[in-house]
>>> print(open('target17.cif').read())   # mmCIF, C-alpha atoms
data_structure
loop_
_atom_site.label_atom_id
_atom_site.label_comp_id
_atom_site.auth_asym_id
_atom_site.auth_seq_id
_atom_site.Cartn_x
_atom_site.Cartn_y
_atom_site.Cartn_z
CA MET H 1 115.61 112.32 114.09
CA ALA H 2 116.95 109.29 112.24
CA GLU H 3 116.64 109.35 108.46
CA GLN H 4 113.77 107.19 107.24
CA SER H 5 114.59 104.29 104.94
CA ASP H 6 113.15 104.09 101.43
CA GLU H 7 110.87 101.27 102.58
CA GLU H 8 109.43 103.37 105.39
CA LEU H 9 108.92 106.31 103.04
CA VAL H 10 107.16 104.06 100.51
CA GLU H 11 104.91 102.70 103.26
CA ASN H 12 104.01 106.21 104.44
CA SER H 13 103.46 107.39 100.85
CA ARG H 14 101.02 104.53 100.37
CA LYS H 15 99.04 105.91 103.31
CA GLY H 16 98.80 109.25 101.51
CA ASP H 17 101.73 111.03 103.16
CA LEU H 18 102.88 113.36 100.36
CA ALA H 19 105.78 114.69 102.45
CA ALA H 20 107.19 111.15 102.55
CA PHE H 21 106.88 110.87 98.79
CA LYS H 22 108.56 114.25 98.35
CA THR H 23 111.53 112.96 100.37
CA LEU H 24 111.73 109.98 98.01
CA VAL H 25 111.72 112.32 95.00
CA ILE H 26 114.50 114.47 96.47
CA ARG H 27 116.52 111.37 97.35
CA HIS H 28 116.30 109.79 93.89
CA GLU H 29 116.08 112.82 91.60
CA GLY H 30 119.82 112.73 90.87
CA LYS H 31 119.82 109.15 89.69
CA VAL H 32 116.72 109.59 87.53
CA ALA H 33 118.07 112.84 86.06
CA GLY H 34 121.38 111.14 85.24
CA VAL H 35 119.69 108.24 83.44
CA VAL H 36 117.18 110.36 81.54
CA ARG H 37 119.74 112.99 80.49
CA SER H 38 122.16 110.31 79.41
CA MET H 39 119.46 108.73 77.26
CA LEU H 40 117.84 111.90 75.88
CA GLY H 41 120.48 114.56 76.30
CA SER H 42 119.82 117.86 78.06
CA THR H 43 116.62 118.51 76.18
CA PRO H 44 113.37 120.11 77.36
CA GLU H 45 111.68 116.69 77.20
CA ALA H 46 114.16 115.29 79.73
CA GLU H 47 112.42 116.97 82.67
CA ASP H 48 108.99 115.93 81.39
CA VAL H 49 110.17 112.34 81.28
CA GLY H 50 111.74 112.76 84.72
CA GLN H 51 108.42 113.97 86.14
CA GLU H 52 106.58 111.13 84.45
CA VAL H 53 108.96 108.62 86.08
CA PHE H 54 107.95 109.77 89.56
CA ILE H 55 104.24 110.06 88.69
CA ARG H 56 104.28 106.47 87.37
CA PHE H 57 106.05 105.37 90.53
CA TYR H 58 103.44 107.13 92.68
CA GLU H 59 100.64 105.45 90.76
CA ALA H 60 102.36 102.08 91.12
CA LEU H 61 103.01 102.40 94.87
CA GLY H 62 100.24 99.93 95.59
CA LYS H 63 101.88 97.32 93.37
CA PHE H 64 105.46 98.01 94.50
CA ARG H 65 106.43 94.99 96.57
CA GLY H 66 110.01 96.04 97.25
CA ASP H 67 111.57 93.10 95.38
CA SER H 68 114.10 95.57 94.02
CA ALA H 69 115.46 98.74 95.58
CA VAL H 70 113.53 101.95 94.93
CA GLY H 71 116.49 103.36 92.97
CA THR H 72 116.64 100.31 90.71
CA TYR H 73 112.87 100.38 90.19
CA LEU H 74 112.97 104.07 89.26
CA THR H 75 115.93 103.48 86.93
CA ARG H 76 113.91 100.81 85.12
CA ILE H 77 110.97 103.19 84.65
CA ALA H 78 113.36 105.96 83.54
CA ILE H 79 114.98 103.74 80.90
CA ASN H 80 111.63 102.51 79.55
CA LEU H 81 110.13 106.00 79.35
CA SER H 82 113.29 107.34 77.72
CA LEU H 83 113.18 104.59 75.10
CA ASN H 84 109.52 105.50 74.43
CA GLU H 85 110.49 109.14 74.06
CA ILE H 86 113.25 108.23 71.59
CA LYS H 87 110.72 106.25 69.54
CA ARG H 88 108.35 109.23 69.59
CA ARG H 89 111.19 111.50 68.48
CA LYS H 90 112.03 109.19 65.60
CA ARG H 91 108.41 109.22 64.44
CA ARG H 92 108.33 112.98 64.72
CA PHE H 93 111.58 113.43 62.83
CA SER H 94 110.72 110.91 60.14
CA ILE H 95 108.03 113.37 59.03
CA PHE H 96 110.66 116.09 58.80
CA SER H 97 113.57 113.93 57.61
CA LYS H 98 115.67 116.90 56.58
CA GLU H 99 115.41 118.36 60.06
CA GLU H 100 116.58 115.08 61.48
CA GLU H 101 119.61 115.09 59.22
CA GLY H 102 120.55 118.52 60.44
CA TRP H 103 119.85 117.65 64.04
CA ASN H 104 122.00 114.55 63.98
CA ARG H 105 124.86 115.97 62.03
CA GLY H 106 125.07 119.09 64.18
CA THR H 107 128.26 121.02 63.78
CA MET H 108 130.67 118.28 64.66
CA ASP H 109 133.65 120.00 63.07
CA ASP H 110 133.15 122.98 65.32
CA ARG H 111 132.96 120.90 68.48
CA LYS H 112 136.17 121.32 70.37
CA ASP H 113 135.19 120.11 73.76
CA MET H 114 135.83 116.43 74.41
CA ASP H 115 132.76 116.01 76.62
CA GLU H 116 130.56 117.47 73.93
CA MET H 117 132.09 115.07 71.42
CA ILE H 118 131.47 112.11 73.68
CA THR H 119 127.90 113.26 74.27
CA HIS H 120 127.43 113.67 70.54
CA GLU H 121 128.78 110.18 69.78
CA PHE H 122 126.80 108.74 72.68
CA ASN H 123 123.58 110.17 71.26
CA GLN H 124 124.30 108.51 67.93
CA LEU H 125 124.16 105.06 69.52
CA ASP H 126 121.20 102.82 68.86
CA PRO H 127 118.76 103.33 71.81
CA ASP H 128 119.14 99.75 73.06
CA PHE H 129 122.91 100.09 73.10
CA ARG H 130 122.60 103.51 74.68
CA ALA H 131 120.50 102.05 77.48
CA VAL H 132 123.18 99.46 78.24
CA ALA H 133 125.98 102.04 78.03
CA THR H 134 124.04 104.45 80.27
CA LEU H 135 123.55 101.91 83.02
CA ARG H 136 126.92 100.23 82.78
CA LEU H 137 129.22 103.15 81.94
CA VAL H 138 127.48 106.28 83.16
CA GLU H 139 125.58 105.04 86.20
CA GLY H 140 128.13 102.42 87.14
CA TYR H 141 125.74 99.46 87.51
CA SER H 142 127.36 96.03 87.22
CA THR H 143 126.72 93.86 84.17
CA GLU H 144 124.37 91.69 86.23
CA GLU H 145 122.39 94.67 87.56
CA THR H 146 122.16 96.13 84.05
CA ALA H 147 120.76 92.82 82.79
CA THR H 148 118.17 92.75 85.60
CA ILE H 149 117.04 96.34 85.07
CA LEU H 150 116.68 95.92 81.32
CA GLY H 151 115.27 92.40 81.56
CA ILE H 152 117.78 90.99 79.09
CA PRO H 153 120.32 88.15 79.37
CA LEU H 154 123.83 88.82 80.67
CA GLY H 155 125.35 87.84 77.32
CA THR H 156 123.21 90.43 75.53
CA VAL H 157 124.46 93.14 77.90
CA LEU H 158 128.06 92.17 77.16
CA SER H 159 127.57 92.06 73.39
CA ARG H 160 125.65 95.37 73.32
CA LEU H 161 128.29 96.96 75.51
CA ALA H 162 131.06 95.72 73.21
CA ARG H 163 129.26 97.04 70.14
CA ALA H 164 128.50 100.38 71.80
CA GLN H 165 132.12 100.69 72.78
CA LYS H 166 133.25 99.93 69.22
CA LYS H 167 130.96 102.61 67.80
CA LEU H 168 132.07 105.15 70.38
CA ARG H 169 135.70 104.27 69.80
CA THR H 170 135.38 104.70 66.05
CA GLY H 171 133.89 108.16 66.50
CA LEU H 172 136.38 109.25 69.13
CA GLU H 173 139.46 107.38 67.90
CA LYS H 174 141.88 110.27 67.69
CA HIS H 175 140.69 111.84 70.94
CA LEU H 176 141.08 108.67 72.97
CA ASN H 177 144.68 108.06 71.89
CA MET N 1 139.46 93.00 71.04
CA GLU N 2 137.37 90.11 69.83
CA GLY N 3 135.18 87.34 71.21
CA VAL N 4 136.33 85.53 74.32
CA HIS N 5 138.89 88.09 75.42
CA GLU N 6 136.52 90.96 74.79
CA ASN N 7 133.88 89.41 77.06
CA LEU N 8 136.49 88.47 79.62
CA PHE N 9 137.75 92.04 79.69
CA LEU N 10 134.23 93.45 80.13
CA GLN N 11 133.51 90.97 82.92
CA SER N 12 136.81 91.87 84.58
CA LEU N 13 135.43 95.39 85.06
CA ASP N 14 132.82 93.88 87.42
CA GLY N 15 135.67 92.21 89.31
CA LYS N 16 133.96 88.88 88.91
CA ILE N 17 136.52 86.81 87.08
CA SER N 18 138.61 84.06 88.61
CA GLU N 19 142.37 84.24 89.14
CA GLU N 20 142.81 81.82 86.26
CA GLN N 21 140.76 84.05 83.95
CA LYS N 22 142.68 87.11 85.13
CA ALA N 23 145.95 85.44 84.20
CA LYS N 24 144.54 84.42 80.84
CA LEU N 25 143.41 87.98 80.13
CA ALA N 26 146.74 89.46 81.20
CA GLU N 27 148.56 87.06 78.92
CA ALA N 28 146.27 87.89 76.00
CA MET N 29 146.89 91.60 76.56
CA ASN N 30 150.63 91.10 76.63
CA ASN N 31 150.53 89.22 73.35
CA ASP N 32 147.98 91.34 71.54
CA ARG N 33 148.77 95.05 71.33
CA ALA N 34 145.44 95.87 69.69
CA LEU N 35 143.58 94.18 72.55
CA LYS N 36 145.56 96.17 75.11
CA LYS N 37 145.00 99.42 73.23
CA ASN N 38 141.26 98.85 72.96
CA ALA N 39 141.03 97.93 76.61
CA ASP N 40 142.87 101.10 77.59
CA GLN N 41 140.58 103.17 75.38
CA PHE N 42 137.54 101.55 76.95
CA VAL N 43 138.76 102.33 80.46
CA LYS N 44 139.41 105.96 79.44
CA LEU N 45 135.96 106.19 77.95
CA ARG N 46 134.35 104.72 81.05
CA THR N 47 136.22 107.09 83.33
CA ARG N 48 135.09 109.96 81.15
CA LEU N 49 131.48 108.85 81.03
CA LEU N 50 131.03 107.78 84.66
CA ARG N 51 128.81 110.30 86.39
CA LYS N 52 130.81 112.07 89.02
CA GLU N 53 128.33 114.66 90.14
CA GLU N 54 124.77 114.35 91.31
CA ASP N 55 122.50 115.38 88.45
CA SER N 56 119.35 117.41 88.99
CA PHE N 57 116.27 118.64 87.14
CA GLY N 58 116.69 122.08 88.65
CA PRO N 59 115.22 123.79 91.69
CA PHE N 60 111.77 122.86 93.01
CA PHE N 61 111.56 119.65 90.98
CA ALA N 62 110.09 117.75 93.94
CA GLU N 63 107.55 120.53 94.52
CA ARG N 64 106.48 120.32 90.86
CA ILE N 65 105.93 116.57 91.24
CA ILE N 66 103.86 117.02 94.40
CA ASN N 67 101.75 119.71 92.71
CA ARG N 68 101.14 117.37 89.78
CA ILE N 69 100.07 114.60 92.15
CA LYS N 70 97.71 116.99 93.96
CA SER N 71 96.14 118.12 90.68
CA LEU N 72 95.87 114.48 89.58
CA LYS N 73 94.00 113.71 92.83
CA LYS N 74 91.63 116.61 92.23
CA GLU N 75 91.04 115.37 88.70
CA ILE N 76 90.20 111.91 90.05
CA ASP N 77 87.83 113.44 92.64
CA TYR N 78 86.07 115.33 89.85
CA GLN N 79 85.83 112.17 87.77
CA ILE N 80 84.24 110.30 90.69
CA PHE N 81 81.87 113.24 91.32
CA PHE N 82 80.78 113.37 87.67
CA PHE N 83 80.49 109.58 87.53
CA PHE N 84 77.99 109.64 90.40
CA LYS N 85 76.34 112.80 89.09
CA LYS N 86 75.30 110.88 85.99
CA TYR N 87 73.49 108.32 88.17
CA GLN N 88 72.22 111.04 90.49
CA LEU N 89 70.32 112.63 87.60
CA ALA N 90 68.97 109.24 86.52
CA ALA N 91 67.76 108.55 90.12
CA ILE N 92 65.97 111.92 90.28
CA GLY N 93 64.28 111.09 86.96
CA VAL N 94 63.04 107.76 88.31
CA VAL N 95 61.64 109.39 91.49
CA VAL N 96 59.79 112.06 89.47
CA ALA N 97 58.34 109.38 87.17
CA LEU N 98 57.10 107.37 90.20
CA VAL N 99 55.47 110.44 91.75
CA VAL N 100 53.67 111.23 88.50
CA LEU N 101 52.60 107.60 88.15
CA ASN N 102 51.23 107.56 91.72
CA ILE N 103 49.29 110.76 91.14
CA VAL N 104 47.83 109.42 87.88
CA LEU N 105 46.89 106.05 89.38
CA SER N 106 45.39 107.39 92.61
CA ASP N 107 43.83 110.47 91.01
CA ASN N 108 44.67 112.27 94.21
CA LEU N 109 47.18 114.94 95.15
CA SER N 110 47.55 114.07 98.83
CA VAL N 111 51.04 113.44 100.19
CA LYS N 112 50.23 109.81 100.88
CA SER N 113 49.05 109.10 97.36
CA VAL N 114 52.05 110.91 95.91
CA LEU N 115 54.32 108.68 98.03
CA GLY N 116 52.34 105.59 97.04
CA PHE N 117 50.71 104.85 100.41
CA GLU N 118 47.17 103.52 100.38
CA GLU N 119 44.54 106.01 101.49
CA GLU N 120 42.62 105.03 104.65
CA GLN N 121 38.91 104.44 104.18
CA ALA N 122 36.25 105.44 106.76
CA SER N 123 35.48 101.76 107.30
CA ASP N 124 39.10 101.10 108.31
CA ILE N 125 38.84 103.43 111.26
CA VAL N 126 38.19 101.61 114.52
CA THR N 127 37.03 103.69 117.44
CA ILE N 128 37.65 102.54 120.95
CA ASP N 129 35.32 103.71 123.63
CA LEU N 130 37.63 103.77 126.61
CA TYR N 131 34.84 104.69 129.06
CA GLN N 132 32.75 101.73 127.94
CA ASN N 133 35.72 99.38 128.28
CA LEU N 134 36.32 100.56 131.82
CA THR N 135 32.72 100.20 133.01
CA GLU N 136 32.27 96.71 131.58
#
>>> encode(input="target17.cif", output="structure tokens")
Amino acid sequence: MAEQSDEELVENSRKGDLAAFKTLVIRHEGKVAGVVRSMLGSTPEAEDVGQEVFIRFYEALGKFRGDSAVGTYLTRIAINLSLNEIKRRKRRFSIFSKEEEGWNRGTMDDRKDMDEMITHEFNQLDPDFRAVATLRLVEGYSTEETATILGIPLGTVLSRLARAQKKLRTGLEKHLN
Amino acid sequence: MEGVHENLFLQSLDGKISEEQKAKLAEAMNNDRALKKNADQFVKLRTRLLRKEEDSFGPFFAERIINRIKSLKKEIDYQIFFFFKKYQLAAIGVVVALVVLNIVLSDNLSVKSVLGFEEEQASDIVTIDLYQNLTE
């Protein structure tokens, strides 16, 4: 049997076919997981946000007109929900400011693994810059696609990307040489 | 890596710059060692960051989503049921009030008076003598 396209699966999901929606989830889980983990790190909230992405998509099936690809649409929801989660985290940590200090500082000196260092520096980026870096550098979207997903001008993507890169470079200077 | 060349370099990663711009960028990189170094670092960083493997939320993620949707549907069904239940109770109240009112007004406990139908009087009854009609 030929594999159904995303459009066909969306159409069937609209009619109440949960198996069709499950296929969509399986097909796009990787992308959503990549975006959410890149934005939030491998935290327990990451899966909650991931679930919420698909629930929101299910609830919005009636409004989904297919102007953008399902993957792009889900990426947009994933970025927005991740940014909300980061805001919530900030509010939570601002009450326990000392905890935040400890959480952010971590044990950088002990970190030997390059990937861990990159992840650490990546998590220090301002959320808006992190969103651009996630889409452009981690997920491999083009500058134009990144601008469309985030709903910001192309020039803003380029400037945020340049600033994110500068911050990352500063933190990882000796390791990148 | 500043300003124009910085943007040009970032755009070059999309492969969307003209031949003229490519030449301009290459020349700038040849003349500016810092620009070249930063560009190399950026490419290294991108290679490092680019997701190579399919990520996942662990086994049975899709099943968990479907279960959540099913429980959401049940919740909505309950909400609809309780929404109508509110009005159902109000409707029963209205019917009981009407029955009581009919009983009070008609001072009668017959089914017709309870339902609000007018009672038939003896004078309303018309008898037809079929035998008489036939013989006439």
>>> closest_residue(input="target17.cif", among="N:Leu89, N:Leu50, N:Val96, N:Leu105", to="chain H", atoms="only C-alpha atoms")
N:Leu50
>>> residues_around(input="target17.cif", residues="stretch 135-147 of chain H", least_positions_apart="3", cutoff="7 Å", atoms="all atoms listed in the file", output="PyMOL selection string")
(chain H and resi 131-132+150-154+157) or (chain N and resi 14+46+49-51)
>>> interface_residues(input="target17.cif", of="chain H", to="chain N", cutoff="8 Å", atoms="only C-alpha atoms", output="list in words")
Leu18, Lys22, Val25, Ile26, Glu29, Gly30, Lys31, Ala33, Gly34, Glu47, Gly50, Gln51, Phe54, Ile55, Asp115, Leu137, Val138, Glu139, Gly140, Ser142, Thr143, Leu158, Ser159, Ala162, Gln165, Arg169, Leu176 and Asn177 of chain H
>>> write_last_selection(input="target17.cif", atoms="C-alpha atoms", output="short mmCIF file (atom, residue, chain, number, x, y, z; two decimals), in the coordinates of the input")
data_model
loop_
_atom_site.label_atom_id
_atom_site.label_comp_id
_atom_site.auth_asym_id
_atom_site.auth_seq_id
_atom_site.Cartn_x
_atom_site.Cartn_y
_atom_site.Cartn_z
CA LEU H 18 102.88 113.36 100.36
CA LYS H 22 108.56 114.25 98.35
CA VAL H 25 111.72 112.32 95.00
CA ILE H 26 114.50 114.47 96.47
CA GLU H 29 116.08 112.82 91.60
CA GLY H 30 119.82 112.73 90.87
CA LYS H 31 119.82 109.15 89.69
CA ALA H 33 118.07 112.84 86.06
CA GLY H 34 121.38 111.14 85.24
CA GLU H 47 112.42 116.97 82.67
CA GLY H 50 111.74 112.76 84.72
CA GLN H 51 108.42 113.97 86.14
CA PHE H 54 107.95 109.77 89.56
CA ILE H 55 104.24 110.06 88.69
CA ASP H 115 132.76 116.01 76.62
CA LEU H 137 129.22 103.15 81.94
CA VAL H 138 127.48 106.28 83.16
CA GLU H 139 125.58 105.04 86.20
CA GLY H 140 128.13 102.42 87.14
CA SER H 142 127.36 96.03 87.22
CA THR H 143 126.72 93.86 84.17
CA LEU H 158 128.06 92.17 77.16
CA SER H 159 127.57 92.06 73.39
CA ALA H 162 131.06 95.72 73.21
CA GLN H 165 132.12 100.69 72.78
CA ARG H 169 135.70 104.27 69.80
CA LEU H 176 141.08 108.67 72.97
CA ASN H 177 144.68 108.06 71.89
#
>>> atom_distance(input="target17.cif", atom1="atom CA of H:Asp126", atom2="atom CA of H:Thr170")
14.6 Å
>>> resolve_selection(input="target17.cif", expression="the PyMOL selection byres ((chain N and resi 102) around 12)", output="VMD selection string")
chain N and resid 95 to 101 103 to 119
>>> atom_distance(input="target17.cif", atom1="atom CA of H:Arg65", atom2="atom CA of N:Lys74")
26.6 Å
>>> atom_distance(input="target17.cif", atom1="atom CA of H:Leu172", atom2="atom CA of H:Glu121")
7.7 Å
